[in-house]
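Worksheet: one structure, shown below.
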2 protein chains.
Amino acid sequence: MSEPTRRRLGRPPRAENQRERIMHEAAILFARSGFDASSLNELAEEAGISKAGIYHYFKTKQDVYDAIIIKTLEGLFDHVSMTVGSVAEPQDKLLAFMTAHADFFERNYWAFRCMLVSFSGMSVPTSRHEAVVLREHYEHLLRDIIADGVRQGHFRAVDPAGTGRAVLSMLNWMARWFQPGGPKTASQVAEEYADLLFHGLRG
Amino acid sequence: MSEPTRRRLGRPPRAENQRERIMHEAAILFARSGFDASSLNELAEEAGISKAGIYHYFKTKQDVYDAIIIKTLEGLFDHVSMTVGSVAEPQDKLLAFMTAHADFFERNYWAFRCMLVSFSGMSVPTSRHEAVVLREHYEHLLRDIIADGVRQGHFRAVDPAGTGRAVLSMLNWMARWFQPGGPKTASQVAEEYADLLFHGLRG
């Protein structure tokens with residue numbers, strides 16, 4: 001079983017099991033080649049596993065893709081909501097949301113590239129519905145932080161939906177330009193965005 | 001020659017010529033199906049033109065793609081820089097930049113989807129270099145506005161590069177979620193983002 005290290009950016013510290021390893025290799029493959037242009041044969045080769053081994057865990061290529069998206073969205077929600085939950089003030093909560101999101105993105109770089117950049121191949125209805133629910137759930141976590149801040153007088157009367165979209169735009173677009181291992185961590189970039197959001201350009 | 005209208009979102013008011021019409025149909029095709037999954041045969045069918053007619057203007061599928069990107073980036077720069085040039089104050093300039101960008105995006109919806117969302121197929125070195133230069137040129141237009149605002153004391157001492165990135169992230173991510181014909185124009189969304197940027201969350 002080959003164990004290349006060069007391409008392991010964003011790999012979890014230790015692959016929990018075969019299924020996760022397949023998903024991780026698939027995320028890299030889909031992010032690099034696109035969903036359509038990737039095959040289970042290539043995936044088997046990259047993961048150092050037989051095609052039968054893949055079929056043991058996944059019925060189709062689509063299943064692998066959906067599993068990556070669902071796992072990433074679940075992990076993102078768990079990580080960010082837990083971080084946010086340990087903080088009291090809305091401004092601190094929003095900062096925690098942004099840095100925790102950026103940090104999770106950097107640690108799961110390929111899954112995010114696969115989810116946000118490569119051409120989406122989601123077409124299985126049940127999984128897709130699950131992903132939509134997870135995404136909405138996540139957006140509401142953010143909107144609630146902003147709405148609470150407005151209600152409690154920490155923020156001025158901005159629209160929580162539009163403001164949440166601005167926040168997620170800045171964070172999501174990182175999947176397009178951010179390179180792990182560069183001068184700043186994703187979390188540091190998020191801190192700068194948060195500073196800009198809190199204080200504005202006019203200070 | 002078929003003339004479907006349903007799919008003409010973002011179509012220029014009047015196709016200048018055959019070449020532009022091919023590019024417009026190609027942008028829709030690439031944005032919807034992805035670059036790899038699209039063929040010149042499909043393009044010929046969609047554009048209601050023979051394959052020989054396409055070869056009259058473009059040597060390869062890649063040439064068509066590159067022409068779309070270059071034209072879009074050139075048009076964006078021209079439109080935005082002209083709009084910005086007619087305004088004096090940095091804050092008004094930044095607002096003009098953002099709304100002009102959003103407006104151009106909405107009028108060239110499919111080209112932007114093709115450029116920012118569909119899997120990038122750019123591989124011709126000269127064109128790619130041209131696109132990189134155009135993109136840098138555009139980013140500098142924005143950074144200069146921000147730097148001028150800082151120098152003249154209209155904005156606090158933010159980093160023009162990082163702030164410019166935040167602005168473009170918000171604008172670019174629109175290619176992922178914005179639907180023309182919805183409750184707000186892209187320009188109105190940009191105005192809300194500009195307000196958030198100027199005044200910040202704490203007002």
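Going by the structure tokens order, chains are called A, B, ..., each with residues numbered from 1, while ligands are numbered from 1 in the order shown.
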
Q: Please identify every residue of chain B that has at least one atom no more than 7 Å from any atom of chain A, counting only C-alpha atoms, and report them as a list in words.
A: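 Using only C-alpha atoms, chain B residues at most 7 Å from chain A: Gly34, Val117, Ser118, Phe119, His154, Phe155, Arg156, Ala166, Ser169, Met170, Trp173, Tyr193, Leu196, Leu197, Phe198, His199, Gly200, Leu201, Arg202 and Gly203 of chain B.
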
**Q.** Given only C-alpha atoms as the counted atoms, nearest of B:Gly48, B:Pro90, B:Gly53, B:Gly182 to B:Ile145
**A.**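 Distance minimum relative to B:Ile145 lands on B:Pro90.
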
Q: Select, from B:Glu46, B:Asp103, B:Glu89, B:Asp148, the residue with the minimum atom-to-atom distance to B:Leu76, counting only C-alpha atoms.
A: B:Asp103

Would you pick out the contacts of A:Ala96 at 12 Å or less, using only C-alpha atoms, so that residues sharing its chain but fewer than 2 positions from it are not included, and give the list as an mmCIF file with C-alpha atoms, in the first residue's frame?
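Okay, selection_32.cif is ready:
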```cif
data_model
loop_
_atom_site.group_PDB
_atom_site.id
_atom_site.type_symbol
_atom_site.label_atom_id
_atom_site.label_comp_id
_atom_site.auth_asym_id
_atom_site.auth_seq_id
_atom_site.Cartn_x
_atom_site.Cartn_y
_atom_site.Cartn_z
ATOM 1 C CA HIS A 79 -16.431 22.051 15.435
ATOM 2 C CA VAL A 80 -17.729 25.585 14.977
ATOM 3 C CA SER A 81 -20.799 25.269 17.213
ATOM 4 C CA MET A 82 -18.701 23.775 20.016
ATOM 5 C CA THR A 83 -16.142 26.582 19.750
ATOM 6 C CA VAL A 84 -18.828 29.247 19.620
ATOM 7 C CA GLY A 85 -20.658 27.669 22.558
ATOM 8 C CA SER A 86 -17.750 28.310 24.907
ATOM 9 C CA VAL A 87 -17.836 32.078 24.285
ATOM 10 C CA ALA A 88 -20.273 34.612 25.720
ATOM 11 C CA GLU A 89 -20.299 37.974 23.889
ATOM 12 C CA PRO A 90 -21.652 38.274 20.306
ATOM 13 C CA GLN A 91 -18.510 39.916 18.972
ATOM 14 C CA ASP A 92 -16.335 37.168 20.497
ATOM 15 C CA LYS A 93 -18.779 34.574 19.192
ATOM 16 C CA LEU A 94 -18.577 35.926 15.657
ATOM 17 C CA MET A 98 -14.910 32.839 11.687
ATOM 18 C CA THR A 99 -11.593 31.575 13.030
ATOM 19 C CA ALA A 100 -12.981 28.116 13.863
ATOM 20 C CA HIS A 101 -14.455 27.874 10.355
ATOM 21 C CA ALA A 102 -11.160 28.939 8.771
ATOM 22 C CA ASP A 103 -9.204 26.537 10.944
ATOM 23 C CA PHE A 104 -11.480 23.623 10.058
ATOM 24 C CA LEU A 142 -24.200 32.281 12.206
ATOM 25 C CA ILE A 145 -25.019 35.095 16.549
ATOM 26 C CA SER A 187 -7.457 31.475 10.891
ATOM 27 C CA GLN A 188 -5.253 34.593 10.777
ATOM 28 C CA ALA A 190 -10.299 35.186 9.229
ATOM 29 C CA GLU A 191 -9.178 37.378 12.146
ATOM 30 C CA ALA A 194 -13.424 39.894 11.460
#
```

Q: Measure the distance from atom CA of A:Cys114 to atom CA of B:Ile28 in Å and round it to one decimal.
A: 22.1 Å

Q.
Please determine, counting only C-alpha atoms, which residue among B:Ala186, B:Ile69, B:Ala26, B:Val64 has the shortest atom-to-atom distance to B:Ala131.
A.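 Looking only at the distances to B:Ala131, the closest residue turns out to be B:Ile69.
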